[in-house]
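Next comes input-v8.txt, a file with compact mmCIF, C-alpha atoms and all ligand atoms.
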```
# COMPACT_ATOMS: atom_id res chain seq x y z
CA MET E 1 122.12 89.85 68.16
CA LYS E 2 119.43 91.69 70.08
CA PRO E 3 117.12 93.98 68.08
CA LYS E 4 117.78 97.70 68.39
CA VAL E 5 115.14 99.88 70.02
CA HIS E 6 115.44 103.66 70.27
CA ILE E 7 113.29 105.49 72.81
CA LEU E 8 112.11 109.02 72.15
CA GLY E 9 110.94 110.66 75.38
CA THR E 10 108.40 113.47 75.21
CA GLY E 11 107.14 113.70 78.82
CA GLY E 12 103.59 112.95 79.99
CA SER E 13 102.42 111.01 83.04
CA ILE E 14 104.74 108.13 82.20
CA SER E 15 107.59 110.42 83.30
CA GLY E 16 105.67 112.39 85.95
CA VAL E 17 106.93 113.06 89.48
CA GLY E 18 104.29 113.71 92.12
CA PRO E 19 104.64 115.33 95.56
CA HIS E 20 104.01 111.96 97.28
CA ARG E 21 103.19 108.33 96.51
CA LEU E 22 99.44 108.80 96.74
CA ASP E 23 99.27 111.65 94.27
CA TYR E 24 97.45 110.99 90.98
CA THR E 25 96.33 114.51 90.10
CA LEU E 26 98.84 117.17 91.17
CA TYR E 27 101.97 115.81 89.50
CA PRO E 28 101.48 117.57 86.13
CA ASP E 29 101.75 120.90 88.00
CA SER E 30 105.13 120.01 89.57
CA GLY E 31 106.70 120.22 86.11
CA LYS E 32 109.26 117.59 87.17
CA LYS E 33 109.78 114.80 84.68
CA LEU E 34 111.99 111.71 84.61
CA THR E 35 114.35 111.39 81.67
CA VAL E 36 114.38 108.37 79.37
CA ALA E 37 117.57 107.20 81.15
CA GLN E 38 115.81 107.41 84.51
CA LEU E 39 112.78 105.53 83.19
CA LEU E 40 115.06 102.77 81.92
CA GLU E 41 116.90 102.54 85.27
CA ARG E 42 113.59 101.43 86.78
CA ILE E 43 113.36 98.42 84.41
CA PRO E 44 116.92 97.02 84.01
CA GLU E 45 115.34 93.81 82.60
CA ALA E 46 114.58 95.74 79.39
CA ARG E 47 118.26 95.48 78.38
CA GLU E 48 117.80 91.71 78.02
CA ILE E 49 115.13 92.30 75.38
CA ALA E 50 116.82 94.82 73.12
CA GLU E 51 119.88 96.93 72.54
CA LEU E 52 118.51 100.19 73.89
CA SER E 53 119.26 103.82 73.15
CA GLY E 54 117.19 106.88 73.86
CA GLU E 55 116.88 110.62 73.92
CA ASP E 56 114.67 113.24 75.54
CA VAL E 57 113.13 115.03 72.59
CA LEU E 58 110.72 116.98 74.78
CA GLN E 59 109.73 116.99 78.44
CA VAL E 60 106.17 118.28 78.35
CA GLY E 61 102.60 117.25 79.03
CA SER E 62 100.95 116.12 75.83
CA PRO E 63 98.50 119.05 75.73
CA SER E 64 101.64 120.98 74.66
CA ILE E 65 102.29 118.67 71.71
CA GLY E 66 101.05 119.67 68.24
CA PRO E 67 102.07 119.74 64.59
CA ALA E 68 105.53 121.28 65.18
CA GLU E 69 106.37 118.53 67.68
CA TRP E 70 104.93 115.79 65.41
CA LEU E 71 107.28 116.97 62.67
CA GLN E 72 110.17 117.00 65.13
CA LEU E 73 109.42 113.38 66.12
CA LEU E 74 109.18 112.35 62.48
CA GLN E 75 112.63 113.80 61.91
CA ARG E 76 114.06 111.89 64.90
CA ILE E 77 112.51 108.61 63.69
CA ASP E 78 114.09 109.19 60.30
CA LYS E 79 117.56 109.56 61.88
CA THR E 80 117.73 105.97 63.17
CA ASP E 81 117.15 102.48 61.81
CA ALA E 82 116.07 101.02 65.16
CA GLY E 83 112.56 100.04 66.26
CA ILE E 84 111.01 103.09 67.90
CA VAL E 85 109.28 103.61 71.24
CA ILE E 86 107.81 107.02 71.98
CA THR E 87 106.86 107.82 75.56
CA HIS E 88 104.03 110.34 75.46
CA GLY E 89 101.28 111.88 77.56
CA THR E 90 98.00 110.09 77.08
CA ALA E 91 95.97 113.25 76.38
CA THR E 92 97.02 113.62 72.73
CA LEU E 93 98.84 110.32 72.27
CA GLU E 94 96.30 109.15 69.69
CA GLU E 95 96.89 112.25 67.55
CA THR E 96 100.68 111.96 67.46
CA ALA E 97 100.23 108.25 66.74
CA TYR E 98 97.85 108.81 63.80
CA PHE E 99 100.02 111.55 62.32
CA LEU E 100 103.04 109.20 62.39
CA HIS E 101 100.89 106.29 61.11
CA LEU E 102 100.29 108.33 57.94
CA THR E 103 103.75 109.86 57.54
CA VAL E 104 106.55 107.54 58.73
CA LYS E 105 108.27 106.22 55.63
CA SER E 106 109.46 102.91 56.99
CA PRO E 107 107.94 99.54 57.94
CA ARG E 108 109.92 99.50 61.21
CA PRO E 109 107.91 99.08 64.41
CA VAL E 110 106.88 102.47 65.82
CA VAL E 111 105.15 102.15 69.19
CA LEU E 112 103.68 104.84 71.43
CA THR E 113 103.08 104.31 75.10
CA GLY E 114 102.15 106.38 78.13
CA ALA E 115 100.80 105.85 81.61
CA MET E 116 97.71 106.81 83.54
CA ARG E 117 99.51 106.88 86.89
CA PRO E 118 102.94 108.51 87.24
CA PRO E 119 105.93 106.34 88.17
CA SER E 120 106.08 108.10 91.55
CA SER E 121 102.67 106.68 92.55
CA VAL E 122 101.44 103.46 94.12
CA GLY E 123 100.18 101.10 91.41
CA SER E 124 101.78 103.02 88.54
CA ASP E 125 101.41 101.48 85.09
CA ALA E 126 104.51 103.32 83.80
CA ASP E 127 107.12 100.55 84.13
CA LEU E 128 105.07 97.74 82.61
CA ASN E 129 103.83 99.92 79.75
CA LEU E 130 107.38 100.93 78.85
CA LEU E 131 108.63 97.35 79.15
CA ASP E 132 105.78 96.13 76.91
CA ALA E 133 106.45 98.91 74.41
CA ILE E 134 110.09 97.79 74.20
CA ARG E 135 109.00 94.15 73.75
CA LEU E 136 106.64 95.24 70.98
CA ALA E 137 109.16 97.48 69.19
CA ALA E 138 111.72 94.66 69.38
CA SER E 139 109.33 92.16 67.83
CA PRO E 140 109.70 91.46 64.08
CA ASP E 141 105.94 90.78 64.14
CA ALA E 142 105.25 94.44 64.84
CA ALA E 143 106.86 95.59 61.57
CA GLY E 144 104.66 96.69 58.67
CA ARG E 145 101.55 97.16 60.81
CA GLY E 146 101.63 100.92 60.96
CA VAL E 147 102.05 102.83 64.18
CA LEU E 148 100.93 100.94 67.26
CA THR E 149 100.01 101.96 70.78
CA ILE E 150 100.40 99.87 73.87
CA LEU E 151 99.05 100.50 77.35
CA ASN E 152 97.40 98.03 79.70
CA GLN E 153 98.99 95.18 77.66
CA GLU E 154 96.73 95.99 74.69
CA ILE E 155 98.14 96.60 71.22
CA GLN E 156 96.00 98.99 69.19
CA SER E 157 96.24 100.64 65.81
CA ALA E 158 96.99 104.37 65.76
CA ARG E 159 94.13 104.83 63.30
CA ASP E 160 91.40 103.59 65.56
CA VAL E 161 92.56 104.09 69.11
CA THR E 162 91.22 106.79 71.40
CA LYS E 163 91.44 107.70 75.08
CA SER E 164 88.12 106.87 76.69
CA ASN E 165 88.57 107.52 80.40
CA ALA E 166 90.26 110.31 82.36
CA PHE E 167 91.71 108.12 85.13
CA ARG E 168 91.36 104.36 84.54
CA VAL E 169 94.40 102.42 83.30
CA ASP E 170 92.04 100.67 80.88
CA THR E 171 91.50 103.88 78.95
CA PHE E 172 92.59 103.21 75.35
CA HIS E 173 89.95 101.69 73.10
CA SER E 174 89.61 101.09 69.37
CA ARG E 175 85.83 101.56 69.43
CA ASP E 176 84.06 99.29 66.88
CA PHE E 177 87.26 97.43 66.01
CA GLY E 178 88.92 96.26 69.21
CA VAL E 179 92.55 95.53 69.97
CA LEU E 180 95.05 94.13 67.44
CA GLY E 181 96.63 91.92 70.06
CA PHE E 182 98.43 91.81 73.36
CA VAL E 183 101.83 91.84 74.94
CA ASP E 184 100.58 89.27 77.34
CA SER E 185 101.46 88.30 80.89
CA ASP E 186 103.90 85.63 79.64
CA ALA E 187 105.73 88.43 77.73
CA ARG E 188 104.61 87.11 74.35
CA VAL E 189 103.76 89.58 71.60
CA LEU E 190 100.55 88.26 70.06
CA PHE E 191 98.67 89.68 67.07
CA TYR E 192 95.15 88.52 66.22
CA ARG E 193 94.16 91.15 63.64
CA SER E 194 95.77 93.51 61.12
CA VAL E 195 94.75 96.95 59.94
CA THR E 196 93.58 96.90 56.34
CA ARG E 197 93.80 100.60 55.47
CA PRO E 198 97.11 101.78 53.99
CA HIS E 199 99.59 103.57 56.22
CA THR E 200 103.25 104.66 56.55
CA THR E 201 105.07 103.75 53.30
CA ALA E 202 101.77 103.29 51.41
CA THR E 203 100.49 106.87 51.76
CA PRO E 204 101.34 109.89 49.59
CA PHE E 205 102.01 112.05 52.65
CA ASP E 206 105.71 112.86 52.74
CA VAL E 207 106.14 115.80 55.09
CA ARG E 208 109.73 115.13 56.08
CA GLY E 209 111.64 118.38 56.29
CA ARG E 210 108.53 120.55 56.67
CA LYS E 211 108.37 123.05 59.53
CA ASP E 212 104.58 123.29 59.71
CA LEU E 213 101.36 121.87 58.32
CA PRO E 214 98.24 123.51 56.89
CA ARG E 215 96.09 124.80 59.73
CA VAL E 216 92.78 122.96 60.20
CA ASP E 217 90.36 123.86 62.99
CA ILE E 218 87.56 121.82 64.57
CA VAL E 219 84.18 123.29 65.50
CA TYR E 220 81.90 121.18 67.70
CA SER E 221 78.12 121.40 67.55
CA TYR E 222 75.49 120.94 70.24
CA ALA E 223 71.75 121.35 70.61
CA GLY E 224 70.96 124.89 69.56
CA ALA E 225 74.44 125.64 68.13
CA ASP E 226 74.40 128.47 65.61
CA GLY E 227 77.00 129.41 63.01
CA THR E 228 78.84 132.09 64.99
CA LEU E 229 82.12 130.23 65.45
CA VAL E 230 82.17 128.77 61.95
CA ASP E 231 81.50 132.22 60.46
CA ALA E 232 84.25 133.72 62.62
CA LEU E 233 86.73 131.23 61.19
CA THR E 234 85.58 131.94 57.65
CA GLU E 235 85.70 135.71 58.04
CA ARG E 236 89.13 135.73 59.64
CA ARG E 237 90.63 132.86 57.63
CA ARG E 238 93.46 134.99 56.23
CA GLU E 239 94.50 136.41 59.58
CA TRP E 240 94.18 133.01 61.32
CA ARG E 241 95.61 131.07 58.36
CA THR E 242 92.68 128.62 58.37
CA GLU E 243 93.07 126.22 55.46
CA GLY E 244 90.44 123.66 56.39
CA MET E 245 87.67 122.92 58.88
CA VAL E 246 86.25 119.86 60.54
CA LEU E 247 82.66 120.40 61.64
CA VAL E 248 81.46 117.99 64.29
CA GLY E 249 77.78 117.06 64.19
CA PHE E 250 75.49 114.30 65.40
CA GLY E 251 75.15 110.62 64.49
CA GLY E 252 75.61 109.88 60.80
CA GLY E 253 76.01 113.56 59.88
CA SER E 254 73.16 115.80 61.02
CA PHE E 255 73.70 119.35 62.24
CA PRO E 256 71.69 122.31 63.57
CA SER E 257 70.66 124.09 60.36
CA ALA E 258 72.21 127.47 61.25
CA PHE E 259 75.51 125.70 61.98
CA LEU E 260 75.45 123.85 58.66
CA ASP E 261 74.50 127.03 56.79
CA ALA E 262 77.65 128.62 58.18
CA GLY E 263 79.52 125.55 56.95
CA LYS E 264 78.17 126.19 53.46
CA ARG E 265 79.43 129.78 53.64
CA ALA E 266 82.86 128.40 54.53
CA VAL E 267 82.77 126.09 51.49
CA LYS E 268 81.72 129.03 49.28
CA ALA E 269 84.66 131.01 50.62
CA GLY E 270 86.93 128.21 49.35
CA ILE E 271 87.64 126.42 52.64
CA PRO E 272 87.64 122.60 52.46
CA VAL E 273 85.11 121.41 55.07
CA VAL E 274 84.94 117.84 56.40
CA LEU E 275 81.89 116.70 58.36
CA ALA E 276 82.52 114.50 61.40
CA THR E 277 80.39 113.20 64.26
CA ARG E 278 80.39 113.37 68.03
CA SER E 279 79.17 109.74 68.12
CA TRP E 280 81.93 107.48 69.32
CA ASN E 281 81.32 104.83 66.68
CA GLY E 282 80.06 104.74 63.13
CA ARG E 283 80.39 106.77 59.97
CA VAL E 284 79.40 110.11 58.57
CA VAL E 285 78.09 109.43 55.09
CA ALA E 286 78.27 111.69 52.06
CA THR E 287 74.66 112.23 50.88
CA PRO E 288 73.85 113.75 47.45
CA LYS E 289 72.75 116.94 49.28
CA LYS E 290 76.00 117.23 51.26
CA ASP E 291 77.94 116.54 48.08
CA ALA E 292 76.01 119.27 46.25
CA ASP E 293 76.75 121.67 49.12
CA GLY E 294 80.45 120.94 48.69
CA PHE E 295 81.08 119.12 51.96
CA MET E 296 83.27 116.07 52.50
CA ALA E 297 82.52 113.24 54.94
CA CYS E 298 85.05 111.88 57.42
CA ASP E 299 83.97 108.23 57.10
CA ASP E 300 84.51 106.81 60.62
CA LEU E 301 87.45 108.92 61.82
CA MET E 302 87.08 110.74 65.09
CA PRO E 303 87.13 114.55 64.64
CA GLN E 304 90.68 114.96 65.99
CA LYS E 305 91.92 112.36 63.48
CA ALA E 306 89.83 113.73 60.60
CA ARG E 307 91.66 117.01 61.26
CA ILE E 308 95.04 115.30 60.88
CA LEU E 309 94.06 113.54 57.67
CA LEU E 310 92.74 116.82 56.24
CA MET E 311 95.97 118.63 57.21
CA LEU E 312 97.99 115.98 55.40
CA ALA E 313 95.61 115.77 52.45
CA LEU E 314 96.04 119.51 51.91
CA THR E 315 99.80 119.00 51.50
CA VAL E 316 99.14 116.98 48.35
CA SER E 317 95.81 118.16 46.91
CA LYS E 318 93.18 120.88 47.01
CA GLU E 319 90.72 118.83 44.92
CA ARG E 320 87.56 117.96 46.84
CA ALA E 321 86.95 114.59 45.13
CA GLU E 322 90.54 113.57 45.72
CA ILE E 323 90.48 114.58 49.38
CA GLN E 324 87.12 112.85 49.90
CA ASN E 325 88.60 109.69 48.45
CA MET E 326 91.45 109.86 50.97
CA PHE E 327 88.86 109.67 53.77
CA TYR E 328 87.71 106.33 52.35
CA THR E 329 91.27 105.13 51.89
CA TYR E 330 93.26 105.93 55.07
N1 LIG H 401 98.94 115.21 81.53
C1 LIG H 401 99.28 114.01 80.89
C2 LIG H 401 99.67 114.23 79.45
O1 LIG H 401 100.78 114.62 79.24
C3 LIG H 401 98.26 112.98 80.99
C4 LIG H 401 98.86 111.66 80.79
O2 LIG H 401 99.99 111.48 80.36
O3 LIG H 401 98.15 110.70 81.10
O4 LIG H 401 98.92 113.99 78.54
```

Could you take the file, read its structure, and then write that structure out as structure tokens?
Amino acid sequence: MKPKVHILGTGGSISGVGPHRLDYTLYPDSGKKLTVAQLLERIPEAREIAELSGEDVLQVGSPSIGPAEWLQLLQRIDKTDAGIVITHGTATLEETAYFLHLTVKSPRPVVLTGAMRPPSSVGSDADLNLLDAIRLAASPDAAGRGVLTILNQEIQSARDVTKSNAFRVDTFHSRDFGVLGFVDSDARVLFYRSVTRPHTTATPFDVRGRKDLPRVDIVYSYAGADGTLVDALTERRREWRTEGMVLVGFGGGSFPSAFLDAGKRAVKAGIPVVLATRSWNGRVVATPKKDADGFMACDDLMPQKARILLMLALTVSKERAEIQNMFYTY
């Protein structure tokens, strides 16, 4: 009996069709995308690995994927008992992956993959990435590890992975932590590390059946940034339905003072505010002063992932201490 693997197609470069074989930049504009069935036709060997099924949930570039689409994918995952592969654009792949890492209520393998070069191009990574994703989703070893990503033969945890380069195939990195393992050149699925933070079935985030999530916005700071954008969010929070903010500062949690003052006004207005950092590695720490000002710290999550955790946290609690604790837990 071969394991069952169900492929959910969403679009992205892995399904892109360019105007010619040497195109690596214009294909997103063509709007043409291969279906899951067409992607599988290119790798007939995959049927020896698993009993395959698939569906085209979306056919978009991943800049067009957000909370509504995450919830749609969650619903599709829930409808099957197979291992899951999601083909996805690389731009926001890490965000969909982290959302699912916190919300899928099953230990089944859930694997996201994409490609940096469309299948229509010379040297495309699309076929091998999809094949490796199927190998990984078919592997009993991949179960219970949370949501995984695979590109460039590297297995990474959805929590830690981020896209680091606009064009190289070696773009996904887990920063301080490194890869979990490989689907290696001999086709073996090899794990060397596990994630320790709870995920999937071990989180309180059950958003199945929801149509939307609390809106959380990110404001980025820079040398000389003032509080204009943060104040705008605070003042128009009702109209814009802002329920939380992630403020991105420097290093371990410093900010231009006018920017942070605006953050304090947001807290006073009742908006939960999480402080994050534009540094690629390391933590934002909660100091007594930041605590007294009512801020929360993101621990080591990148801003785009801190946003997702805050969105989910707000579905279960409005208590600052409880939400802060979630940032040290997940
Ligand atoms: N434009 C693509 C996307 O959908 C980029 C990619 O897949 O690499 O994110």

Of E:Val57, E:Ile77, E:Ala202, E:Val169, the one sitting nearest ligand LIG 401 (chain H) when using only C-alpha atoms and all ligand atoms is E:Val169

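Nearest residue to ligand LIG 401 (chain H) among E:Lys2, E:Glu69, E:Gly89, E:Gly54 is E:Gly89, counting all atoms listed in the file.
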
Spatial neighbours of stretch 223-225 of chain E, max dist 10 Å, all atoms listed in the file, sep filter under 4 positions, as a short mmCIF file (atom, residue, chain, number, x, y, z; two decimals) with C-alpha atoms, keeping the file's coordinate frame:
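Ended up saving to out-v5.cif:
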```cif
data_model
loop_
_atom_site.label_atom_id
_atom_site.label_comp_id
_atom_site.auth_asym_id
_atom_site.auth_seq_id
_atom_site.Cartn_x
_atom_site.Cartn_y
_atom_site.Cartn_z
CA LEU E 229 82.12 130.23 65.45
CA GLY E 249 77.78 117.06 64.19
CA PHE E 250 75.49 114.30 65.40
CA PHE E 255 73.70 119.35 62.24
CA PRO E 256 71.69 122.31 63.57
CA SER E 257 70.66 124.09 60.36
CA ALA E 258 72.21 127.47 61.25
CA PHE E 259 75.51 125.70 61.98
CA LEU E 260 75.45 123.85 58.66
#
```

### Environment of ligand LIG 401 (chain H) within 10 Å, counting all atoms listed in the file, reported as a VMD selection string
chain E and resid 10 to 16 24 to 29 59 to 65 87 to 93 113 to 118 126 163 166 to 169 171

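Residues in contact with E:Ser185 at up to 12 Å, not including ones fewer than 2 positions away on its chain and judged by all atoms listed in the file, are Leu128, Asn129, Leu131, Asp132, Arg135, Asn152, Gln153, Glu154, Phe182, Val183, Ala187, Arg188, Val189 and Leu190 of chain E.
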
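If you measure from each of E:Tyr328, E:Gly146, E:Asp127, E:Leu8 to E:Ile86 using only C-alpha atoms, the closest one turns out to be E:Leu8.
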
**Asked** If you count only C-alpha atoms, which residues fall within 7 Å of stretch 212-222 of chain E, apart from same-chain ones fewer than 3 positions away, as a list in words?
**Response** Pro67, Ala68, Ala225, Val230, Arg241, Thr242, Glu243, Gly244, Met245, Val246, Leu247, Val248, Gly249, Arg307, Met311 and Leu314 of chain E

One decimal place gives the atom CA of E:Glu48-atom CA of E:Ile155 separation as 21.4 Å

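Using all atoms listed in the file, the contacts of E:Phe205 at a cut-off of 10 Å, with sequence neighbours closer than 2 positions omitted, comprise Phe99, Leu102, Thr103, Val104, Lys105, His199, Thr200, Thr201, Ala202, Thr203, Val207, Arg208, Leu309, Leu312, Ala313, Leu314, Thr315 and Val316 of chain E.
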
Every residue with an atom at most 8 Å from (110.5, 104.1, 67.9) (file coordinates; only C-alpha atoms) is what I'm after, so could you write them as a PyMOL selection string? chain E and resi 5-8+77+82-86+109-112+137

Produce a file of the selected residues containing C-alpha atoms, as a CSV table (one decimal), keeping the file's coordinate frame.
```csv
chain,number,residue,atom,x,y,z
E,5,VAL,CA,115.1,99.9,70.0
E,6,HIS,CA,115.4,103.7,70.3
E,7,ILE,CA,113.3,105.5,72.8
E,8,LEU,CA,112.1,109.0,72.2
E,77,ILE,CA,112.5,108.6,63.7
E,82,ALA,CA,116.1,101.0,65.2
E,83,GLY,CA,112.6,100.0,66.3
E,84,ILE,CA,111.0,103.1,67.9
E,85,VAL,CA,109.3,103.6,71.2
E,86,ILE,CA,107.8,107.0,72.0
E,109,PRO,CA,107.9,99.1,64.4
E,110,VAL,CA,106.9,102.5,65.8
E,111,VAL,CA,105.2,102.2,69.2
E,112,LEU,CA,103.7,104.8,71.4
E,137,ALA,CA,109.2,97.5,69.2
```

**Request:** Do a neighbour search on E:Val285 at 9 Å with all atoms listed in the file, toss out local chain neighbours closer than 6 positions, and write the hits as an MDAnalysis selection string.
**Result:** chainID E and resid 252:253 275 296:300

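For the pair atom CA of E:Asp176 and atom CA of E:Ser317, the interatomic distance is 29.9 Å.
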
message: Could you check which residues have any atom within 10 Å of (117.7, 91.3, 76.6), counting only C-alpha atoms with coordinates taken straight from the file, and then list them as number ranges by chain?
response: E: 1-3, 44-52, 135, 138

Atoms to include: C-alpha atoms. Write the selected residues as a PDB file, in the coordinates of the input.
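Done, and the output landed in part19.pdb:
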```
ATOM      1  CA  MET E   1     122.120  89.850  68.160  1.00  0.00           C
ATOM      2  CA  LYS E   2     119.430  91.690  70.080  1.00  0.00           C
ATOM      3  CA  PRO E   3     117.120  93.980  68.080  1.00  0.00           C
ATOM      4  CA  PRO E  44     116.920  97.020  84.010  1.00  0.00           C
ATOM      5  CA  GLU E  45     115.340  93.810  82.600  1.00  0.00           C
ATOM      6  CA  ALA E  46     114.580  95.740  79.390  1.00  0.00           C
ATOM      7  CA  ARG E  47     118.260  95.480  78.380  1.00  0.00           C
ATOM      8  CA  GLU E  48     117.800  91.710  78.020  1.00  0.00           C
ATOM      9  CA  ILE E  49     115.130  92.300  75.380  1.00  0.00           C
ATOM     10  CA  ALA E  50     116.820  94.820  73.120  1.00  0.00           C
ATOM     11  CA  GLU E  51     119.880  96.930  72.540  1.00  0.00           C
ATOM     12  CA  LEU E  52     118.510 100.190  73.890  1.00  0.00           C
ATOM     13  CA  ARG E 135     109.000  94.150  73.750  1.00  0.00           C
ATOM     14  CA  ALA E 138     111.720  94.660  69.380  1.00  0.00           C
TER      15      ALA E 138
END
```

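Between E:Pro119 and the residues E:Ser174, E:Gln38, E:Thr149, E:Gln72, the shortest atom-to-atom distance, using only C-alpha atoms, involves E:Gln38.
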
Across E:Leu148, E:Val273, E:Met302, E:Ile308, the smallest distance to E:Gly66, with all atoms listed in the file counted, is shown by E:Ile308

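Distances here use all atoms listed in the file; by that measure, the residue among E:Val36, E:Leu310, E:Ala97, E:Leu233 closest to E:Ile323 is E:Leu310.
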
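Here atom CA of E:Ala133 and atom CA of E:Lys33 stand 19.2 Å from one another.
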
Centre and edge lengths of an axis-aligned box around all listed atoms of stretch 101-115 of chain E, with 4 Å added on each side, are to be given in Å to one decimal, as lines of an AutoDock Vina configuration file.
```
center_x = 105.1
center_y = 104.5
center_z = 68.6
size_x = 17.6
size_y = 18.8
size_z = 34.0
```

Once all heavy atoms are restored for stretch 137-144 of chain E, what would the output be as a CSV table (one decimal), in the coordinates of the input?
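Saved the output as result05.csv:
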```
chain,number,residue,atom,x,y,z
E,137,ALA,N,108.3,96.9,70.2
E,137,ALA,CA,109.2,97.5,69.2
E,137,ALA,C,110.3,96.6,68.8
E,137,ALA,O,110.9,96.7,67.7
E,137,ALA,CB,109.7,98.8,69.7
E,138,ALA,N,110.6,95.6,69.7
E,138,ALA,CA,111.7,94.7,69.4
E,138,ALA,C,111.2,93.4,68.6
E,138,ALA,O,112.0,92.6,68.1
E,138,ALA,CB,112.4,94.2,70.7
E,139,SER,N,109.9,93.3,68.5
E,139,SER,CA,109.3,92.2,67.8
E,139,SER,C,109.2,92.3,66.3
E,139,SER,O,108.6,93.3,65.8
E,139,SER,CB,107.9,91.9,68.4
E,139,SER,OG,107.2,91.0,67.6
E,140,PRO,N,109.8,91.4,65.5
E,140,PRO,CA,109.7,91.5,64.1
E,140,PRO,C,108.2,91.4,63.6
E,140,PRO,O,107.9,92.0,62.6
E,140,PRO,CB,110.4,90.2,63.6
E,140,PRO,CG,111.1,89.6,64.7
E,140,PRO,CD,110.6,90.2,66.0
E,141,ASP,N,107.4,90.8,64.4
E,141,ASP,CA,105.9,90.8,64.1
E,141,ASP,C,105.3,92.1,64.1
E,141,ASP,O,104.2,92.3,63.5
E,141,ASP,CB,105.3,90.0,65.3
E,141,ASP,CG,104.8,88.7,64.7
E,141,ASP,OD1,105.2,88.3,63.7
E,141,ASP,OD2,104.0,88.0,65.5
E,142,ALA,N,105.9,93.1,64.8
E,142,ALA,CA,105.2,94.4,64.8
E,142,ALA,C,105.6,95.3,63.6
E,142,ALA,O,105.0,96.3,63.4
E,142,ALA,CB,105.7,95.2,66.1
E,143,ALA,N,106.5,94.8,62.8
E,143,ALA,CA,106.9,95.6,61.6
E,143,ALA,C,105.8,95.5,60.5
E,143,ALA,O,105.0,94.5,60.4
E,143,ALA,CB,108.2,95.0,61.0
E,144,GLY,N,105.6,96.6,59.8
E,144,GLY,CA,104.7,96.7,58.7
E,144,GLY,C,103.2,96.8,59.1
E,144,GLY,O,102.3,96.7,58.2
```
